[in-house]
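A.B. asks: Sharing target.pdb, PDB, C-alpha atoms:
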```
MODEL        1
ATOM      1  CA  MET A   1      13.007 -13.015  14.745
ATOM      2  CA  GLN A   2      12.893  -9.234  15.024
ATOM      3  CA  GLN A   3      13.047  -7.395  11.714
ATOM      4  CA  THR A   4      13.491  -3.699  11.004
ATOM      5  CA  ILE A   5      10.492  -2.430   9.077
ATOM      6  CA  LEU A   6       9.751   0.837   7.289
ATOM      7  CA  ILE A   7       6.109   1.543   6.497
ATOM      8  CA  THR A   8       4.865   4.586   4.608
ATOM      9  CA  GLY A   9       1.605   6.423   5.244
ATOM     10  CA  ALA A  10       1.393   5.253   8.849
ATOM     11  CA  SER A  11      -0.446   8.208  10.395
ATOM     12  CA  SER A  12      -3.889   6.612  10.050
ATOM     13  CA  GLY A  13      -5.917   3.774   8.546
ATOM     14  CA  PHE A  14      -4.224   0.554   7.460
ATOM     15  CA  GLY A  15      -0.796   2.114   7.969
ATOM     16  CA  ALA A  16      -1.271   3.004  11.627
ATOM     17  CA  MET A  17      -2.946  -0.320  12.389
ATOM     18  CA  THR A  18      -0.134  -2.234  10.692
ATOM     19  CA  ALA A  19       2.681  -0.295  12.352
ATOM     20  CA  LYS A  20       1.226  -0.962  15.808
ATOM     21  CA  ALA A  21       0.501  -4.630  15.072
ATOM     22  CA  LEU A  22       4.028  -5.260  13.776
ATOM     23  CA  ALA A  23       5.558  -3.572  16.816
ATOM     24  CA  MET A  24       3.336  -5.654  19.110
ATOM     25  CA  ALA A  25       4.630  -8.734  17.268
ATOM     26  CA  GLY A  26       8.164  -7.821  18.332
ATOM     27  CA  HIS A  27       9.525  -6.019  15.295
ATOM     28  CA  ARG A  28      11.380  -2.712  15.133
ATOM     29  CA  VAL A  29       9.000  -0.456  13.239
ATOM     30  CA  TYR A  30       9.572   2.969  11.730
ATOM     31  CA  ALA A  31       6.090   4.385  11.164
ATOM     32  CA  SER A  32       6.623   7.081   8.597
ATOM     33  CA  MET A  33       4.249   9.960   7.965
ATOM     34  CA  ARG A  34       4.457  13.078   5.827
ATOM     35  CA  ASP A  35       4.294  15.415   8.808
ATOM     36  CA  PRO A  36       4.397  13.957  12.337
ATOM     37  CA  GLN A  37       3.183  17.346  13.657
ATOM     38  CA  ALA A  38       0.029  17.373  11.511
ATOM     39  CA  ARG A  39      -3.286  17.634  13.402
ATOM     40  CA  GLY A  40      -1.409  18.606  16.520
ATOM     41  CA  GLY A  41       0.906  15.626  16.294
ATOM     42  CA  ALA A  42      -1.824  13.294  17.588
ATOM     43  CA  ALA A  43      -0.873  10.281  15.462
ATOM     44  CA  ALA A  44       2.821  10.432  16.353
ATOM     45  CA  ALA A  45       2.040  11.057  20.032
ATOM     46  CA  ASP A  46      -0.285   8.054  20.128
ATOM     47  CA  MET A  47       2.454   5.795  18.791
ATOM     48  CA  GLU A  48       5.053   7.214  21.152
ATOM     49  CA  ARG A  49       2.688   6.623  24.078
ATOM     50  CA  LEU A  50       2.054   3.030  22.996
ATOM     51  CA  ALA A  51       5.788   2.436  22.607
ATOM     52  CA  ARG A  52       6.456   3.709  26.139
ATOM     53  CA  GLU A  53       3.619   1.830  27.806
ATOM     54  CA  GLU A  54       4.223  -1.481  26.035
ATOM     55  CA  GLY A  55       7.997  -1.275  25.674
ATOM     56  CA  LEU A  56       7.773  -1.432  21.879
ATOM     57  CA  ALA A  57      10.350  -0.586  19.240
ATOM     58  CA  LEU A  58       7.900   1.720  17.463
ATOM     59  CA  ARG A  59       9.079   5.088  16.235
ATOM     60  CA  PRO A  60       7.200   7.692  14.187
ATOM     61  CA  ILE A  61       9.471   9.254  11.584
ATOM     62  CA  ALA A  62       9.011  12.042   9.045
ATOM     63  CA  LEU A  63       8.967  10.823   5.447
ATOM     64  CA  ASP A  64       7.191  12.592   2.607
ATOM     65  CA  VAL A  65       6.859  10.239  -0.375
ATOM     66  CA  LEU A  66       6.745  13.309  -2.646
ATOM     67  CA  SER A  67      10.227  14.430  -1.576
ATOM     68  CA  GLU A  68      13.439  12.561  -2.401
ATOM     69  CA  PRO A  69      15.454  14.507   0.236
ATOM     70  CA  SER A  70      12.846  13.651   2.881
ATOM     71  CA  ILE A  71      12.932   9.963   1.970
ATOM     72  CA  GLU A  72      16.718   9.828   1.856
ATOM     73  CA  ALA A  73      16.963  11.535   5.251
ATOM     74  CA  ALA A  74      14.539   9.037   6.792
ATOM     75  CA  VAL A  75      16.394   6.063   5.326
ATOM     76  CA  GLU A  76      19.729   7.430   6.539
ATOM     77  CA  THR A  77      18.288   7.851  10.037
ATOM     78  CA  ILE A  78      16.974   4.297  10.119
ATOM     79  CA  LEU A  79      20.256   2.820   8.888
ATOM     80  CA  ALA A  80      22.221   4.876  11.407
ATOM     81  CA  GLU A  81      20.001   3.681  14.261
ATOM     82  CA  ALA A  82      19.122   0.130  13.276
ATOM     83  CA  GLY A  83      21.861  -0.750  10.799
ATOM     84  CA  ARG A  84      19.467  -2.374   8.337
ATOM     85  CA  ILE A  85      16.029  -2.311   6.719
ATOM     86  CA  ASP A  86      14.596  -5.807   6.276
ATOM     87  CA  VAL A  87      11.073  -4.946   5.180
ATOM     88  CA  VAL A  88       9.542  -2.033   3.296
ATOM     89  CA  ILE A  89       5.765  -1.664   3.226
ATOM     90  CA  HIS A  90       4.360   0.636   0.544
ATOM     91  CA  ASN A  91       1.149   1.887   2.095
ATOM     92  CA  ALA A  92       1.035   5.670   1.484
ATOM     93  CA  GLY A  93      -1.823   6.800  -0.704
ATOM     94  CA  TYR A  94      -5.085   8.673  -0.816
ATOM     95  CA  MET A  95      -8.486   8.412  -2.448
ATOM     96  CA  VAL A  96     -10.710  10.766  -4.443
ATOM     97  CA  PHE A  97     -14.420  10.499  -5.232
ATOM     98  CA  GLY A  98     -16.366  12.131  -8.038
ATOM     99  CA  PRO A  99     -16.991  12.077 -11.808
ATOM    100  CA  ALA A 100     -13.741  11.390 -13.662
ATOM    101  CA  GLU A 101     -14.304  14.291 -16.090
ATOM    102  CA  ALA A 102     -14.487  16.795 -13.231
ATOM    103  CA  PHE A 103     -10.956  16.067 -12.000
ATOM    104  CA  THR A 104      -8.285  18.220 -13.608
ATOM    105  CA  PRO A 105      -5.215  16.607 -15.178
ATOM    106  CA  ASP A 106      -3.177  18.142 -12.362
ATOM    107  CA  GLN A 107      -5.344  16.343  -9.813
ATOM    108  CA  LEU A 108      -4.782  13.015 -11.536
ATOM    109  CA  ALA A 109      -1.051  13.706 -11.713
ATOM    110  CA  ALA A 110      -0.987  14.510  -7.986
ATOM    111  CA  LEU A 111      -2.792  11.273  -7.144
ATOM    112  CA  TYR A 112      -0.400   9.288  -9.321
ATOM    113  CA  ASP A 113       2.515  11.117  -7.714
ATOM    114  CA  VAL A 114       1.601   9.835  -4.251
ATOM    115  CA  ASN A 115       0.279   6.371  -5.064
ATOM    116  CA  VAL A 116       2.807   5.368  -7.727
ATOM    117  CA  LEU A 117       5.799   7.695  -7.975
ATOM    118  CA  GLY A 118       6.030   7.778  -4.187
ATOM    119  CA  THR A 119       6.840   4.051  -4.211
ATOM    120  CA  GLN A 120       9.525   4.625  -6.836
ATOM    121  CA  ARG A 121      11.198   7.334  -4.770
ATOM    122  CA  VAL A 122      11.223   5.082  -1.707
ATOM    123  CA  ASN A 123      12.557   2.132  -3.705
ATOM    124  CA  ARG A 124      15.430   4.122  -5.132
ATOM    125  CA  ALA A 125      16.405   5.158  -1.611
ATOM    126  CA  VAL A 126      16.176   1.736   0.057
ATOM    127  CA  LEU A 127      17.030  -0.810  -2.620
ATOM    128  CA  PRO A 128      20.815  -0.311  -2.771
ATOM    129  CA  HIS A 129      20.883  -1.297   0.902
ATOM    130  CA  MET A 130      18.256  -4.057   0.642
ATOM    131  CA  ARG A 131      19.992  -5.632  -2.346
ATOM    132  CA  SER A 132      23.177  -5.878  -0.285
ATOM    133  CA  LEU A 133      21.391  -7.895   2.414
ATOM    134  CA  GLY A 134      20.659 -10.840   0.154
ATOM    135  CA  ARG A 135      17.349 -11.444   1.933
ATOM    136  CA  ALA A 136      14.563  -8.882   2.335
ATOM    137  CA  LEU A 137      10.858  -8.328   1.818
ATOM    138  CA  MET A 138       8.802  -5.712  -0.006
ATOM    139  CA  ILE A 139       5.068  -5.485   0.647
ATOM    140  CA  TRP A 140       2.762  -3.380  -1.501
ATOM    141  CA  VAL A 141      -0.684  -2.455  -0.158
ATOM    142  CA  GLY A 142      -2.833  -2.403  -3.265
ATOM    143  CA  SER A 143      -6.580  -2.495  -3.852
ATOM    144  CA  SER A 144      -9.161  -4.997  -5.052
ATOM    145  CA  SER A 145     -10.272  -2.272  -7.486
ATOM    146  CA  THR A 146      -7.355  -3.032  -9.811
ATOM    147  CA  ARG A 147      -9.041  -6.226 -10.992
ATOM    148  CA  GLY A 148     -12.244  -6.629  -9.000
ATOM    149  CA  GLY A 149     -15.536  -4.823  -9.338
ATOM    150  CA  THR A 150     -15.077  -1.164 -10.191
ATOM    151  CA  PRO A 151     -17.959   1.103  -9.122
ATOM    152  CA  PRO A 152     -18.178   4.592 -10.658
ATOM    153  CA  PHE A 153     -16.729   7.860  -9.362
ATOM    154  CA  LEU A 154     -13.390   6.441  -8.183
ATOM    155  CA  ALA A 155     -11.599   6.343 -11.548
ATOM    156  CA  PRO A 156      -8.494   8.429 -10.665
ATOM    157  CA  TYR A 157      -7.838   6.347  -7.555
ATOM    158  CA  PHE A 158      -8.435   3.067  -9.373
ATOM    159  CA  ALA A 159      -6.082   4.109 -12.185
ATOM    160  CA  ALA A 160      -3.324   5.023  -9.727
ATOM    161  CA  LYS A 161      -3.688   1.764  -7.803
ATOM    162  CA  ALA A 162      -3.570  -0.173 -11.070
ATOM    163  CA  GLY A 163      -0.334   1.624 -11.927
ATOM    164  CA  MET A 164       1.147   0.713  -8.556
ATOM    165  CA  ASP A 165       0.102  -2.919  -8.992
ATOM    166  CA  ALA A 166       1.772  -3.112 -12.397
ATOM    167  CA  LEU A 167       4.972  -1.610 -10.966
ATOM    168  CA  ALA A 168       4.932  -4.108  -8.083
ATOM    169  CA  GLN A 169       4.641  -7.062 -10.471
ATOM    170  CA  SER A 170       7.689  -6.018 -12.473
ATOM    171  CA  TYR A 171       9.723  -5.166  -9.381
ATOM    172  CA  ALA A 172       9.005  -8.626  -7.993
ATOM    173  CA  LEU A 173      10.745 -10.236 -10.965
ATOM    174  CA  GLU A 174      13.627  -7.782 -11.060
ATOM    175  CA  LEU A 175      14.430  -8.178  -7.353
ATOM    176  CA  ALA A 176      14.091 -11.962  -7.004
ATOM    177  CA  ARG A 177      17.731 -12.746  -7.795
ATOM    178  CA  PHE A 178      18.799 -10.325  -5.059
ATOM    179  CA  GLY A 179      16.793 -12.385  -2.558
ATOM    180  CA  ILE A 180      14.113  -9.721  -2.169
ATOM    181  CA  GLU A 181      10.676 -11.269  -1.904
ATOM    182  CA  THR A 182       7.493  -9.457  -2.941
ATOM    183  CA  SER A 183       3.933  -9.757  -1.651
ATOM    184  CA  ILE A 184       0.980  -7.634  -2.733
ATOM    185  CA  VAL A 185      -1.734  -7.187  -0.108
ATOM    186  CA  VAL A 186      -5.125  -6.590  -1.699
ATOM    187  CA  PRO A 187      -7.719  -5.019   0.633
ATOM    188  CA  GLY A 188     -11.329  -4.678  -0.436
ATOM    189  CA  ALA A 189     -13.482  -1.573  -0.053
ATOM    190  CA  PHE A 190     -13.685  -1.201   3.720
ATOM    191  CA  THR A 191     -16.207   1.606   4.263
ATOM    192  CA  LYS A 192     -16.019   1.442   8.060
ATOM    193  CA  GLY A 193     -13.039   1.616  10.402
ATOM    194  CA  THR A 194     -10.780   3.641   8.098
ATOM    195  CA  GLU A 195     -10.838   7.258   6.949
ATOM    196  CA  HIS A 196     -10.458   6.581   3.219
ATOM    197  CA  PHE A 197     -13.944   7.577   2.106
ATOM    198  CA  ALA A 198     -14.456  10.242   4.769
ATOM    199  CA  HIS A 199     -11.271  12.074   3.770
ATOM    200  CA  SER A 200     -11.406  11.422   0.028
ATOM    201  CA  GLY A 201     -10.582  14.298  -2.311
ATOM    202  CA  LYS A 202     -13.168  16.023  -4.489
ATOM    203  CA  PRO A 203     -13.101  17.217  -8.122
ATOM    204  CA  ALA A 204     -11.670  20.683  -8.635
ATOM    205  CA  ASP A 205     -14.054  21.418 -11.509
ATOM    206  CA  SER A 206     -17.302  21.787  -9.569
ATOM    207  CA  GLY A 207     -19.168  22.948 -12.669
ATOM    208  CA  ARG A 208     -18.542  19.720 -14.514
ATOM    209  CA  ALA A 209     -19.301  17.710 -11.393
ATOM    210  CA  ALA A 210     -22.660  19.492 -11.149
ATOM    211  CA  ALA A 211     -23.513  18.381 -14.683
ATOM    212  CA  TYR A 212     -23.518  14.850 -13.300
ATOM    213  CA  TRP A 213     -24.924  15.350  -9.806
ATOM    214  CA  SER A 214     -27.817  17.566 -10.938
ATOM    215  CA  GLY A 215     -28.514  15.645 -14.138
ATOM    216  CA  LEU A 216     -28.818  12.017 -15.178
ATOM    217  CA  TYR A 217     -26.514  10.853 -12.357
ATOM    218  CA  ALA A 218     -28.347  12.627  -9.539
ATOM    219  CA  GLY A 219     -28.167  10.393  -6.483
ATOM    220  CA  ALA A 220     -25.837   7.887  -8.132
ATOM    221  CA  ASP A 221     -22.974   8.933  -5.857
ATOM    222  CA  GLU A 222     -25.002   8.173  -2.740
ATOM    223  CA  GLN A 223     -26.156   4.883  -4.253
ATOM    224  CA  ALA A 224     -22.577   3.874  -5.035
ATOM    225  CA  LEU A 225     -21.445   4.492  -1.454
ATOM    226  CA  LYS A 226     -24.576   2.923  -0.003
ATOM    227  CA  GLY A 227     -24.172  -0.090  -2.269
ATOM    228  CA  LEU A 228     -20.539  -0.599  -1.270
ATOM    229  CA  ALA A 229     -21.421  -0.328   2.397
ATOM    230  CA  GLY A 230     -24.258  -2.804   1.874
ATOM    231  CA  LEU A 231     -21.887  -5.413   0.452
ATOM    232  CA  GLU A 232     -19.649  -5.186   3.502
ATOM    233  CA  PRO A 233     -20.470  -7.777   6.179
ATOM    234  CA  ALA A 234     -21.336  -6.402   9.602
ATOM    235  CA  ASP A 235     -18.234  -8.017  11.078
ATOM    236  CA  ALA A 236     -15.814  -6.650   8.449
ATOM    237  CA  ASP A 237     -12.723  -5.544  10.346
ATOM    238  CA  PRO A 238     -10.007  -3.443   8.642
ATOM    239  CA  SER A 239      -7.523  -4.592  11.274
ATOM    240  CA  LYS A 240      -7.499  -7.906   9.389
ATOM    241  CA  VAL A 241      -5.311  -6.151   6.823
ATOM    242  CA  ALA A 242      -2.744  -5.416   9.521
ATOM    243  CA  GLU A 243      -2.977  -9.003  10.775
ATOM    244  CA  ALA A 244      -2.358 -10.323   7.265
ATOM    245  CA  ILE A 245       0.784  -8.200   6.965
ATOM    246  CA  VAL A 246       2.057  -9.394  10.354
ATOM    247  CA  ASP A 247       1.540 -12.973   9.149
ATOM    248  CA  LEU A 248       3.392 -12.273   5.903
ATOM    249  CA  VAL A 249       6.414 -10.871   7.723
ATOM    250  CA  ALA A 250       6.508 -13.938   9.982
ATOM    251  CA  MET A 251       6.486 -16.466   7.114
ATOM    252  CA  PRO A 252       9.666 -18.262   6.011
ATOM    253  CA  HIS A 253      11.570 -16.452   3.279
ATOM    254  CA  GLY A 254      10.676 -17.754  -0.160
ATOM    255  CA  ARG A 255       7.373 -19.238   1.025
ATOM    256  CA  ARG A 256       5.231 -16.119   1.071
ATOM    257  CA  PRO A 257       2.254 -15.844  -1.298
ATOM    258  CA  PHE A 258       2.564 -13.342  -4.114
ATOM    259  CA  ARG A 259      -0.882 -11.924  -3.240
ATOM    260  CA  VAL A 260      -3.059 -11.911  -0.161
ATOM    261  CA  HIS A 261      -6.676 -10.761  -0.512
ATOM    262  CA  ILE A 262      -8.581  -9.327   2.456
ATOM    263  CA  ASP A 263     -11.940  -8.561   0.906
ATOM    264  CA  PRO A 264     -15.021  -9.263   3.050
ATOM    265  CA  SER A 265     -17.263  -7.996   0.232
ATOM    266  CA  ASP A 266     -15.755 -10.500  -2.215
ATOM    267  CA  ASP A 267     -15.800  -8.238  -5.262
ATOM    268  CA  GLY A 268     -14.118 -10.777  -7.554
ATOM    269  CA  ALA A 269     -10.531  -9.530  -7.399
ATOM    270  CA  ALA A 270      -9.212 -12.823  -6.023
ATOM    271  CA  ILE A 271     -10.626 -14.709  -9.002
ATOM    272  CA  VAL A 272      -9.334 -12.313 -11.668
ATOM    273  CA  ASN A 273      -5.938 -11.902  -9.992
ATOM    274  CA  GLY A 274      -5.653 -15.674  -9.719
ATOM    275  CA  VAL A 275      -6.068 -16.059 -13.477
ATOM    276  CA  ALA A 276      -3.787 -13.117 -14.308
ATOM    277  CA  ASP A 277      -1.027 -14.301 -11.983
ATOM    278  CA  ARG A 278      -1.121 -17.813 -13.460
ATOM    279  CA  VAL A 279      -0.794 -16.358 -16.969
ATOM    280  CA  ARG A 280       2.136 -14.250 -15.761
ATOM    281  CA  ALA A 281       3.847 -17.306 -14.272
ATOM    282  CA  GLN A 282       3.280 -19.339 -17.425
ATOM    283  CA  LEU A 283       4.843 -16.608 -19.560
ATOM    284  CA  LEU A 284       7.938 -16.548 -17.354
ATOM    285  CA  VAL A 285       8.300 -20.307 -17.819
ATOM    286  CA  ARG A 286       7.867 -19.990 -21.589
ATOM    287  CA  ILE A 287      10.598 -17.347 -21.919
ATOM    288  CA  GLY A 288      13.037 -19.234 -19.714
ATOM    289  CA  LEU A 289      12.907 -16.949 -16.644
ATOM    290  CA  ALA A 290      10.882 -19.089 -14.245
ATOM    291  CA  ASP A 291      13.524 -18.587 -11.554
ATOM    292  CA  LEU A 292      12.372 -14.985 -11.213
ATOM    293  CA  LEU A 293       9.068 -16.124  -9.728
ATOM    294  CA  HIS A 294      10.735 -16.943  -6.415
ATOM    295  CA  PRO A 295      13.503 -15.088  -4.555
ATOM    296  CA  LYS A 296      16.911 -16.676  -4.217
ATOM    297  CA  PRO A 297      18.629 -15.687  -0.952
TER     298      PRO A 297
ENDMDL
END
```
Translate this structure into structure tokens?
C.D. replies:
Amino acid sequence: MQQTILITGASSGFGAMTAKALAMAGHRVYASMRDPQARGGAAAADMERLAREEGLALRPIALDVLSEPSIEAAVETILAEAGRIDVVIHNAGYMVFGPAEAFTPDQLAALYDVNVLGTQRVNRAVLPHMRSLGRALMIWVGSSSTRGGTPPFLAPYFAAKAGMDALAQSYALELARFGIETSIVVPGAFTKGTEHFAHSGKPADSGRAAAYWSGLYAGADEQALKGLAGLEPADADPSKVAEAIVDLVAMPHGRRPFRVHIDPSDDGAAIVNGVADRVRAQLLVRIGLADLLHPKP
């Protein structure tokens, strides 16, 4: 059954792969990006070309997760054209790499603004409509770093992803009685096939960063990246994240897993999340709110 899907951060990486895969699976996909004209409009043009050649319902649309007016305009456009939004996929985000001390508070706030507050802005725009449907799906693209192995020099990104994960867990419970199902997709550290590490932000305070890179931590940054790449199997394919999301959308309502891990490096997140999610479920039973663990259409 065709569903109307809004995905954020779809200009590259997991977002672009997922938007194309969902459209190829027969869904109507609005691939949102902060600026469709960025980098000469190549990402938007590529999707428009694919839509024409394959006859897909795939449309790039401007949506800046930092701007409430931008989000509201995009949602209004989708509702005017499609009449509904069945699935929202929170994928927008970006990474930084460097010593935590060398990032300014403003840099951390900016990272949190995109990775966490961006989801809140989108939710406030789409949820009044999605609640009225009585049956919908929200997918959050998280990170194994929130509970798996945590190498150094990625602290601001890890903290933001942990904040998003915590928000997703609470939203899942608060939306269940409206028939809105939640799944959290947990990718591992794919070092090949995406642009996350290549385009990661750097610390603004270069002087403090130098105190690490030229001192006791000289070479540790290269070792961290080399070590992560070494854990990744040769056949690790980031498109598996997109495939997992396509599978989630296709599953019967109310039967979807709360989390799906796609982590070829196996950094331990699946084990820790498994324990944490069982404790969460047990608490809901103990306080008499077990019904919130599953959506009720």
A.B. asks: Using the chain letters and numbers from this file, what does the PyMOL selection byres ((chain A and resi 177) around 6) select? Give the answer as an MDAnalysis selection string.
C.D. replies: chainID A and resid 175:176 178:179 295:296
A.B. asks: Compile the contact shell of Arg147 in chain A as a ChimeraX atom specification: residues with an atom at most 9 Å away, counting all atoms listed in the file, same-chain residues fewer than 4 positions apart removed.
C.D. replies: /A:143,162,268-273
A.B. asks: Show me, as an NGL selection string, the residues that have an atom within 9 Å of Ile262 in chain A when counting all atoms listed in the file, minus same-chain residues fewer than 6 positions from it.
C.D. replies: :A and (144 or 185-188 or 238 or 240-241 or 244)
A.B. asks: One decimal, Å: what's the distance from CA of Lys202 in chain A over to CA of Ala220 in chain A, could you say?
C.D. replies: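 Going from CA of Lys202 in chain A over to CA of Ala220 in chain A covers 15.5 Å.
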A.B. asks: Just to confirm, what's the straight-line distance from CA of Gly227 in chain A to CA of Ser239 in chain A in Å (one decimal)?
C.D. replies: 21.9 Å
A.B. asks: Applied to this file, what does the PyMOL selection byres ((chain A and resi 97-104) around 9) return in terms of residues, put as a PyMOL selection string?
C.D. replies: chain A and resi 95-96+105-109+152-157+197+200-210+212-213+221
A.B. asks: Produce a file of the selected residues containing C-alpha atoms, as a short mmCIF file (atom, residue, chain, number, x, y, z; two decimals), keeping the file's coordinate frame.
C.D. replies:
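result_19.cif was written with the following content:
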```cif
data_model
loop_
_atom_site.label_atom_id
_atom_site.label_comp_id
_atom_site.auth_asym_id
_atom_site.auth_seq_id
_atom_site.Cartn_x
_atom_site.Cartn_y
_atom_site.Cartn_z
CA MET A 95 -8.49 8.41 -2.45
CA VAL A 96 -10.71 10.77 -4.44
CA PRO A 105 -5.22 16.61 -15.18
CA ASP A 106 -3.18 18.14 -12.36
CA GLN A 107 -5.34 16.34 -9.81
CA LEU A 108 -4.78 13.02 -11.54
CA ALA A 109 -1.05 13.71 -11.71
CA PRO A 152 -18.18 4.59 -10.66
CA PHE A 153 -16.73 7.86 -9.36
CA LEU A 154 -13.39 6.44 -8.18
CA ALA A 155 -11.60 6.34 -11.55
CA PRO A 156 -8.49 8.43 -10.66
CA TYR A 157 -7.84 6.35 -7.56
CA PHE A 197 -13.94 7.58 2.11
CA SER A 200 -11.41 11.42 0.03
CA GLY A 201 -10.58 14.30 -2.31
CA LYS A 202 -13.17 16.02 -4.49
CA PRO A 203 -13.10 17.22 -8.12
CA ALA A 204 -11.67 20.68 -8.64
CA ASP A 205 -14.05 21.42 -11.51
CA SER A 206 -17.30 21.79 -9.57
CA GLY A 207 -19.17 22.95 -12.67
CA ARG A 208 -18.54 19.72 -14.51
CA ALA A 209 -19.30 17.71 -11.39
CA ALA A 210 -22.66 19.49 -11.15
CA TYR A 212 -23.52 14.85 -13.30
CA TRP A 213 -24.92 15.35 -9.81
CA ASP A 221 -22.97 8.93 -5.86
#
```
A.B. asks: What does the PyMOL selection byres ((chain A and resi 249) around 10) select in this file, as a VMD selection string?
C.D. replies: chain A and resid 1 to 3 5 22 25 27 86 to 87 136 to 139 183 244 to 248 250 to 253 256
A.B. asks: Please fill the gaps in range 67-88 of chain A so it has N, CA and C atoms, and write that as an mmCIF file, in the frame of the given file.
C.D. replies:
```
data_model
loop_
_atom_site.group_PDB
_atom_site.id
_atom_site.type_symbol
_atom_site.label_atom_id
_atom_site.label_comp_id
_atom_site.auth_asym_id
_atom_site.auth_seq_id
_atom_site.Cartn_x
_atom_site.Cartn_y
_atom_site.Cartn_z
ATOM 1 N N SER A 67 8.950 13.730 -1.685
ATOM 2 C CA SER A 67 10.227 14.430 -1.576
ATOM 3 C C SER A 67 11.388 13.450 -1.465
ATOM 4 N N GLU A 68 12.264 13.435 -2.463
ATOM 5 C CA GLU A 68 13.439 12.561 -2.401
ATOM 6 C C GLU A 68 14.344 12.908 -1.222
ATOM 7 N N PRO A 69 14.617 14.198 -0.940
ATOM 8 C CA PRO A 69 15.454 14.507 0.236
ATOM 9 C C PRO A 69 14.835 14.006 1.537
ATOM 10 N N SER A 70 13.509 14.125 1.676
ATOM 11 C CA SER A 70 12.846 13.651 2.881
ATOM 12 C C SER A 70 13.001 12.141 3.026
ATOM 13 N N ILE A 71 12.812 11.425 1.940
ATOM 14 C CA ILE A 71 12.932 9.963 1.970
ATOM 15 C C ILE A 71 14.364 9.546 2.295
ATOM 16 N N GLU A 72 15.309 10.178 1.626
ATOM 17 C CA GLU A 72 16.718 9.828 1.856
ATOM 18 C C GLU A 72 17.134 10.108 3.293
ATOM 19 N N ALA A 73 16.630 11.207 3.863
ATOM 20 C CA ALA A 73 16.963 11.535 5.251
ATOM 21 C C ALA A 73 16.391 10.491 6.204
ATOM 22 N N ALA A 74 15.156 10.047 5.939
ATOM 23 C CA ALA A 74 14.539 9.037 6.792
ATOM 24 C C ALA A 74 15.294 7.722 6.712
ATOM 25 N N VAL A 75 15.661 7.320 5.503
ATOM 26 C CA VAL A 75 16.394 6.063 5.326
ATOM 27 C C VAL A 75 17.760 6.134 6.004
ATOM 28 N N GLU A 76 18.431 7.260 5.880
ATOM 29 C CA GLU A 76 19.729 7.430 6.539
ATOM 30 C C GLU A 76 19.591 7.339 8.058
ATOM 31 N N THR A 77 18.527 7.918 8.592
ATOM 32 C CA THR A 77 18.288 7.851 10.037
ATOM 33 C C THR A 77 18.076 6.409 10.494
ATOM 34 N N ILE A 78 17.251 5.686 9.749
ATOM 35 C CA ILE A 78 16.974 4.297 10.119
ATOM 36 C C ILE A 78 18.246 3.458 10.066
ATOM 37 N N LEU A 79 19.029 3.610 9.015
ATOM 38 C CA LEU A 79 20.256 2.820 8.888
ATOM 39 C C LEU A 79 21.261 3.184 9.976
ATOM 40 N N ALA A 80 21.303 4.456 10.349
ATOM 41 C CA ALA A 80 22.221 4.876 11.407
ATOM 42 C C ALA A 80 21.812 4.282 12.749
ATOM 43 N N GLU A 81 20.496 4.190 12.985
ATOM 44 C CA GLU A 81 20.001 3.681 14.261
ATOM 45 C C GLU A 81 19.926 2.154 14.316
ATOM 46 N N ALA A 82 19.390 1.567 13.262
ATOM 47 C CA ALA A 82 19.122 0.130 13.276
ATOM 48 C C ALA A 82 20.146 -0.690 12.496
ATOM 49 N N GLY A 83 20.840 -0.041 11.572
ATOM 50 C CA GLY A 83 21.861 -0.750 10.799
ATOM 51 C C GLY A 83 21.339 -1.519 9.608
ATOM 52 N N ARG A 84 20.024 -1.599 9.456
ATOM 53 C CA ARG A 84 19.467 -2.374 8.337
ATOM 54 C C ARG A 84 17.985 -2.056 8.159
ATOM 55 N N ILE A 85 17.466 -2.368 6.986
ATOM 56 C CA ILE A 85 16.029 -2.311 6.719
ATOM 57 C C ILE A 85 15.685 -3.642 6.059
ATOM 58 N N ASP A 86 14.934 -4.472 6.769
ATOM 59 C CA ASP A 86 14.596 -5.807 6.276
ATOM 60 C C ASP A 86 13.314 -5.831 5.460
ATOM 61 N N VAL A 87 12.392 -4.942 5.809
ATOM 62 C CA VAL A 87 11.073 -4.946 5.180
ATOM 63 C C VAL A 87 10.648 -3.519 4.869
ATOM 64 N N VAL A 88 10.165 -3.302 3.661
ATOM 65 C CA VAL A 88 9.542 -2.033 3.296
ATOM 66 C C VAL A 88 8.089 -2.314 2.948
#
```
